[in-house]
$ cat model_31.cif   # mmCIF, C-alpha atoms and all ligand atoms
data_data
loop_
_atom_site.label_atom_id
_atom_site.label_comp_id
_atom_site.auth_asym_id
_atom_site.auth_seq_id
_atom_site.Cartn_x
_atom_site.Cartn_y
_atom_site.Cartn_z
CA MET N 284 8.04 -21.03 -4.66
CA THR N 285 8.26 -24.05 -6.93
CA THR N 286 10.82 -24.15 -9.67
CA THR N 287 11.13 -26.23 -12.80
CA PRO N 288 14.32 -27.01 -14.69
CA ASP N 289 13.53 -24.16 -17.08
CA SER N 290 12.69 -21.67 -14.41
CA VAL N 291 14.84 -18.82 -13.31
CA PRO N 292 15.14 -17.95 -9.64
CA ALA N 293 12.38 -15.40 -9.32
CA PRO N 294 12.90 -12.69 -6.74
CA PRO N 295 14.81 -9.67 -7.93
CA SER N 296 16.81 -8.91 -4.84
CA ALA N 297 16.51 -5.27 -3.86
CA ALA N 298 20.27 -5.18 -4.23
CA HIS N 299 19.99 -5.83 -7.97
CA PRO N 300 18.88 -3.25 -10.48
CA VAL N 301 16.02 -4.41 -12.70
CA VAL N 302 18.20 -3.68 -15.74
CA ASP N 303 21.97 -3.44 -15.77
CA LEU N 304 23.75 -3.01 -19.10
CA ARG N 305 27.52 -2.62 -19.15
CA ASP N 306 29.37 -1.53 -22.28
CA VAL N 307 26.83 -3.21 -24.53
CA THR N 308 27.49 -3.28 -28.24
CA ARG N 309 25.39 -4.80 -31.01
CA SER N 310 26.69 -5.04 -34.52
CA TYR N 311 24.77 -6.34 -37.48
CA PRO N 312 26.22 -8.14 -40.48
CA GLY N 313 27.32 -5.61 -43.04
CA GLY N 314 29.19 -3.52 -40.54
CA VAL N 315 26.35 -1.59 -38.89
CA THR N 316 27.04 -0.84 -35.25
CA ALA N 317 23.56 -0.27 -33.80
CA LEU N 318 24.75 0.00 -30.19
CA ALA N 319 28.23 1.26 -29.42
CA GLY N 320 29.02 0.84 -25.74
CA VAL N 321 25.78 1.43 -23.83
CA ASP N 322 25.71 1.56 -20.04
CA LEU N 323 22.20 1.64 -18.59
CA THR N 324 20.93 0.94 -15.11
CA VAL N 325 17.25 0.91 -14.25
CA ARG N 326 16.24 0.47 -10.62
CA ALA N 327 12.97 -0.85 -9.25
CA GLY N 328 10.28 1.81 -9.21
CA GLU N 329 11.67 3.95 -12.03
CA LEU N 330 9.67 5.39 -14.91
CA LEU N 331 11.89 6.39 -17.80
CA ALA N 332 11.94 7.18 -21.48
CA ILE N 333 14.57 5.86 -23.83
CA VAL N 334 14.33 8.53 -26.49
CA GLY N 335 16.09 9.05 -29.78
CA PRO N 336 15.54 9.64 -33.49
CA SER N 337 14.84 6.94 -36.04
CA GLY N 338 17.90 4.76 -36.56
CA SER N 339 19.48 5.70 -33.23
CA GLY N 340 19.35 2.13 -31.90
CA LYS N 341 16.16 2.18 -29.81
CA SER N 342 14.67 -1.01 -31.23
CA THR N 343 17.98 -2.78 -30.89
CA LEU N 344 18.18 -1.66 -27.26
CA LEU N 345 14.56 -2.72 -26.66
CA HIS N 346 15.35 -6.19 -28.00
CA ILE N 347 18.41 -6.50 -25.80
CA VAL N 348 16.76 -5.21 -22.62
CA GLY N 349 13.75 -7.41 -23.43
CA THR N 350 16.10 -10.42 -23.79
CA LEU N 351 14.84 -11.00 -27.31
CA ASP N 352 18.38 -10.51 -28.59
CA ARG N 353 21.87 -10.87 -27.15
CA PRO N 354 24.63 -8.27 -27.34
CA THR N 355 27.71 -8.64 -29.52
CA SER N 356 29.77 -7.67 -26.47
CA GLY N 357 29.21 -6.33 -22.99
CA THR N 358 27.00 -7.67 -20.20
CA VAL N 359 23.25 -7.64 -19.72
CA ALA N 360 21.68 -8.45 -16.35
CA ILE N 361 17.92 -8.50 -15.83
CA ALA N 362 16.70 -8.67 -12.24
CA GLY N 363 20.17 -9.82 -11.26
CA HIS N 364 20.42 -12.57 -13.88
CA ASP N 365 23.33 -12.37 -16.30
CA ILE N 366 21.69 -13.39 -19.56
CA ALA N 367 24.97 -14.76 -20.95
CA SER N 368 24.71 -17.55 -18.39
CA LEU N 369 21.22 -18.57 -19.54
CA GLY N 370 20.24 -20.85 -22.39
CA ASP N 371 17.43 -19.94 -24.73
CA ARG N 372 14.76 -21.80 -22.74
CA GLN N 373 15.88 -20.21 -19.49
CA LEU N 374 15.89 -16.85 -21.23
CA SER N 375 12.29 -17.41 -22.35
CA ALA N 376 11.37 -18.26 -18.77
CA LEU N 377 13.11 -15.13 -17.49
CA ARG N 378 11.28 -13.04 -20.07
CA ALA N 379 7.89 -14.56 -19.23
CA ARG N 380 8.37 -13.98 -15.50
CA HIS N 381 10.16 -10.67 -15.39
CA ILE N 382 9.20 -8.58 -18.42
CA GLY N 383 5.89 -7.31 -19.79
CA PHE N 384 5.78 -5.89 -23.31
CA VAL N 385 3.52 -3.22 -24.80
CA PHE N 386 3.74 -2.38 -28.50
CA GLN N 387 2.56 0.51 -30.63
CA ALA N 388 0.18 -1.77 -32.57
CA PHE N 389 -1.33 -3.43 -29.44
CA HIS N 390 -0.93 -7.01 -30.75
CA LEU N 391 -4.17 -8.26 -29.22
CA VAL N 392 -5.57 -11.58 -30.39
CA PRO N 393 -8.49 -10.83 -32.73
CA GLY N 394 -11.88 -12.32 -31.94
CA VAL N 395 -10.90 -12.96 -28.31
CA SER N 396 -12.39 -11.05 -25.39
CA ALA N 397 -10.42 -8.42 -23.49
CA GLN N 398 -10.46 -10.71 -20.46
CA ASP N 399 -9.01 -13.66 -22.37
CA ASN N 400 -6.47 -11.44 -24.10
CA VAL N 401 -5.24 -10.32 -20.68
CA ALA N 402 -5.38 -13.85 -19.25
CA GLU N 403 -3.00 -14.82 -22.04
CA GLY N 404 -0.37 -12.77 -20.23
CA LEU N 405 -0.41 -15.48 -17.55
CA LEU N 406 -0.19 -18.43 -19.93
CA TYR N 407 3.23 -19.47 -18.65
CA SER N 408 2.41 -18.88 -14.99
CA GLY N 409 1.15 -22.39 -14.37
CA LEU N 410 -2.01 -20.94 -12.80
CA PRO N 411 -5.34 -22.60 -13.62
CA ARG N 412 -7.51 -20.90 -16.25
CA THR N 413 -10.15 -19.75 -13.76
CA LYS N 414 -7.52 -18.01 -11.67
CA ARG N 415 -5.94 -16.45 -14.77
CA ARG N 416 -9.32 -15.08 -15.83
CA THR N 417 -10.02 -13.67 -12.36
CA MET N 418 -6.64 -11.95 -12.32
CA ALA N 419 -7.29 -10.66 -15.86
CA ALA N 420 -10.56 -9.10 -14.73
CA GLU N 421 -8.72 -7.42 -11.84
CA ALA N 422 -6.01 -6.11 -14.19
CA LEU N 423 -8.66 -4.73 -16.56
CA ALA N 424 -10.29 -2.98 -13.61
CA ARG N 425 -6.91 -1.46 -12.78
CA VAL N 426 -6.70 0.08 -16.25
CA GLY N 427 -10.27 1.37 -16.09
CA LEU N 428 -11.90 -1.29 -18.26
CA ALA N 429 -13.92 -3.27 -15.71
CA ASP N 430 -16.95 -2.74 -17.93
CA ARG N 431 -15.31 -4.07 -21.09
CA LEU N 432 -14.29 -7.62 -20.09
CA GLY N 433 -16.27 -9.31 -22.86
CA HIS N 434 -15.44 -6.84 -25.61
CA ARG N 435 -13.31 -8.15 -28.44
CA PRO N 436 -10.55 -5.95 -29.91
CA HIS N 437 -12.65 -4.71 -32.84
CA GLU N 438 -15.27 -3.51 -30.33
CA LEU N 439 -12.76 -1.31 -28.50
CA SER N 440 -11.28 2.11 -29.30
CA GLY N 441 -7.56 2.43 -29.93
CA GLY N 442 -6.96 3.81 -26.45
CA GLN N 443 -8.97 0.99 -24.90
CA LYS N 444 -7.04 -1.60 -26.93
CA GLN N 445 -3.79 -0.19 -25.62
CA ARG N 446 -5.12 -0.33 -22.06
CA VAL N 447 -6.00 -4.01 -22.61
CA ALA N 448 -2.46 -4.55 -23.88
CA ILE N 449 -1.08 -2.80 -20.80
CA ALA N 450 -3.28 -4.93 -18.54
CA ARG N 451 -1.94 -8.05 -20.29
CA ALA N 452 1.62 -6.83 -19.77
CA VAL N 453 1.22 -6.12 -16.04
CA VAL N 454 -1.17 -8.90 -14.99
CA GLY N 455 1.76 -11.12 -13.99
CA GLU N 456 3.37 -8.24 -12.07
CA PRO N 457 6.61 -8.26 -14.06
CA ASP N 458 9.71 -6.54 -12.72
CA LEU N 459 9.84 -4.42 -15.86
CA LEU N 460 7.23 -3.07 -18.25
CA LEU N 461 8.78 -2.29 -21.64
CA ALA N 462 6.57 -0.08 -23.76
CA ASP N 463 7.57 0.49 -27.39
CA GLU N 464 5.98 3.71 -28.74
CA PRO N 465 2.84 3.00 -26.68
CA THR N 466 1.07 6.16 -27.85
CA GLY N 467 2.27 6.02 -31.46
CA ALA N 468 -1.02 4.77 -32.91
CA LEU N 469 -3.31 6.87 -30.71
CA ASP N 470 -4.96 10.27 -30.96
CA THR N 471 -3.69 12.93 -28.58
CA ALA N 472 -6.30 12.44 -25.85
CA SER N 473 -6.07 8.64 -25.86
CA GLY N 474 -2.29 8.88 -25.83
CA GLN N 475 -2.48 11.24 -22.89
CA ALA N 476 -4.70 8.76 -21.03
CA VAL N 477 -2.15 6.00 -21.66
CA VAL N 478 0.66 8.18 -20.30
CA GLU N 479 -1.42 8.88 -17.21
CA LEU N 480 -2.04 5.17 -16.79
CA LEU N 481 1.70 4.50 -16.95
CA HIS N 482 2.18 7.14 -14.24
CA ASP N 483 -0.52 5.50 -12.12
CA LEU N 484 1.01 2.03 -12.50
CA ASN N 485 4.41 3.47 -11.63
CA ALA N 486 2.95 5.15 -8.54
CA ASP N 487 1.70 1.68 -7.57
CA GLY N 488 5.25 0.35 -7.85
CA ALA N 489 5.69 -0.74 -11.48
CA THR N 490 9.06 -0.18 -13.14
CA ILE N 491 8.47 1.12 -16.64
CA ALA N 492 10.71 1.92 -19.61
CA VAL N 493 9.09 3.67 -22.58
CA ILE N 494 10.94 3.56 -25.90
CA THR N 495 10.02 6.49 -28.11
CA HIS N 496 11.12 9.03 -30.68
CA ASP N 497 8.54 11.46 -29.24
CA HIS N 498 10.19 14.20 -27.20
CA ASP N 499 6.87 15.47 -25.88
CA LEU N 500 6.10 12.02 -24.47
CA ALA N 501 9.60 11.72 -23.04
CA ALA N 502 9.27 15.13 -21.39
CA ARG N 503 6.34 13.80 -19.35
CA LEU N 504 8.46 11.11 -17.73
CA PRO N 505 10.75 11.68 -14.76
CA ARG N 506 13.88 10.23 -16.41
CA ARG N 507 15.01 10.48 -20.01
CA VAL N 508 17.85 8.46 -21.48
CA ARG N 509 18.77 10.02 -24.81
CA ILE N 510 20.30 7.80 -27.45
CA THR N 511 21.92 8.84 -30.71
CA ASP N 512 24.02 6.74 -33.08
CA GLY N 513 23.92 3.81 -30.67
CA ARG N 514 25.26 5.79 -27.72
CA VAL N 515 23.68 7.26 -24.61
CA ILE N 516 24.30 10.97 -24.98
CA ALA N 517 22.32 12.18 -21.95
CA ASP N 518 20.59 10.76 -18.89
CA GLU N 519 18.31 13.37 -17.36
CA HIS N 520 16.24 13.25 -14.22
CA SER N 521 13.48 15.73 -13.44
CA ALA N 522 13.11 16.90 -9.89
CA SER N 523 9.40 17.09 -10.50
CA PRO N 524 8.21 15.50 -13.73
CA ALA N 525 5.94 17.48 -16.01
CA ALA N 526 2.54 16.98 -14.48
CA ALA N 527 0.09 15.14 -16.65
CA PRO N 528 -3.47 16.45 -16.71
CA ARG N 529 -5.84 14.15 -14.87
CA LYS N 530 -7.97 11.42 -16.33
CA VAL N 531 -9.62 11.51 -19.70
CA ALA N 532 -12.63 9.30 -19.09
CA GLY N 533 -13.76 6.59 -21.46
CA ARG N 534 -11.07 6.93 -24.11
P1 LIG N 601 15.61 2.83 -34.09
O1 LIG N 601 14.73 1.83 -33.40
O2 LIG N 601 16.08 3.92 -33.17
O3 LIG N 601 14.99 3.38 -35.33
P2 LIG N 601 17.25 0.53 -34.78
O4 LIG N 601 17.72 -0.10 -33.54
O5 LIG N 601 16.11 -0.11 -35.50
O6 LIG N 601 16.96 2.08 -34.53
O7 LIG N 601 18.46 0.59 -35.82
C1 LIG N 601 19.75 1.08 -35.46
C2 LIG N 601 20.67 0.88 -36.67
O8 LIG N 601 20.87 -0.51 -36.90
C3 LIG N 601 20.12 1.45 -37.94
O9 LIG N 601 21.19 2.00 -38.68
C4 LIG N 601 19.55 0.26 -38.66
O10 LIG N 601 19.58 0.41 -40.06
C5 LIG N 601 20.46 -0.87 -38.21
N1 LIG N 601 19.78 -2.16 -38.11
C6 LIG N 601 18.71 -2.46 -37.34
N2 LIG N 601 18.37 -3.75 -37.46
C7 LIG N 601 19.25 -4.30 -38.36
C8 LIG N 601 19.42 -5.61 -38.91
N3 LIG N 601 18.63 -6.62 -38.56
N4 LIG N 601 20.43 -5.79 -39.79
C9 LIG N 601 21.24 -4.77 -40.14
N5 LIG N 601 21.15 -3.51 -39.65
C10 LIG N 601 20.15 -3.28 -38.77
#
$ encode --input "model_31.cif" --output "structure tokens"
Amino acid sequence: MTTTPDSVPAPPSAAHPVVDLRDVTRSYPGGVTALAGVDLTVRAGELLAIVGPSGSGKSTLLHIVGTLDRPTSGTVAIAGHDIASLGDRQLSALRARHIGFVFQAFHLVPGVSAQDNVAEGLLYSGLPRTKRRTMAAEALARVGLADRLGHRPHELSGGQKQRVAIARAVVGEPDLLLADEPTGALDTASGQAVVELLHDLNADGATIAVITHDHDLAARLPRRVRITDGRVIADEHSASPAAAPRKVAGR
């Protein structure tokens, strides 16, 4: 593949975890220690929840795993790349290539079609616009919205908006999908459909970390990393994850 000076070597070798945090701390001015020695390894193909109460350090951890912030101490490697060795532009390139983000509030561009919102997820790919739009249509089909390509955000339900946001996050096939309270703004049935979609994407090979305070949501995922006061207090794996009911159509 071609590389530019800002690019980061792309392939995450199978030998490397997707996420590898070692003894990560993050302190804020004023003496708050938001993360106090976190070890976390996420391997390709995992679907996990990072779960904890308000103030436990979840957002701080999300920012560090998402390479939006750097630790005060400790090491952070994403797809085998030690972020301490990367400058800010290289870090942006790593983020664009390796990580897809989904937020509670969707963050779609208003007045822009679902297809173009999703195509935006490929803005830094270097692909021509026509190709980006074709891939966006395919990603929307994957999330069950093949019939909503031209709809703008205000013409979509909350659950549909979140599915557009998920399509935008996965259209570039990132190594990691980071979802921050992805069901937090949705009614129960739409939230359930989003959880099922995350399961489906994971079954197709996506590596997904869901950050949440919602224990019911966490219980539906096969791995749960519990965080309290900036520390990992438990890391649980289910032999067989709580089965999610099948599809809720059209939500
Ligand atoms: P959560 O997402 O689990 O609610 P956060 O990561 O937002 O937790 O916060 C963890 C701790 O760090 C909290 O005590 C919070 O007040 C503090 N904190 C978060 N961001 C900042 C900041 N920018 N400056 C100072 N303290 C912060």
$ residues_near_ligand --input "model_31.cif" --ligand "ligand LIG 601 (chain N)" --cutoff "10 Å" --atoms "all atoms listed in the file" --output "PyMOL selection string"
chain N and resi 309-318+333-346+463+494-496+510-513
$ atom_distance --input "model_31.cif" --atom1 "atom CA of Ile361 of chain N" --atom2 "atom CA of Val301 of chain N"
5.5 Å
$ closest_atom_pairs --input "model_31.cif" --of "segment 350-435 of chain N" --to "segment 441-459 of chain N" --cutoff "6 Å" --atoms "only C-alpha atoms" --output "CSV"
residue,atom,partner,partner_atom,distance
N:His381,CA,N:Pro457,CA,4.5
N:Ile382,CA,N:Leu459,CA,4.9
N:Gly383,CA,N:Ala452,CA,4.3
N:Phe384,CA,N:Ala452,CA,5.5
N:Phe389,CA,N:Gln445,CA,5.6
N:Val401,CA,N:Arg451,CA,4.0
N:Gly404,CA,N:Arg451,CA,5.0
N:Ala422,CA,N:Ala450,CA,5.3
N:Leu423,CA,N:Ala450,CA,5.7
$ residues_near_point --input "model_31.cif" --point "(21.7, -13.8, -19.0)" --cutoff "12 Å" --atoms "all atoms listed in the file" --output "number ranges by chain"
N: 291, 302-304, 347-354, 357-378
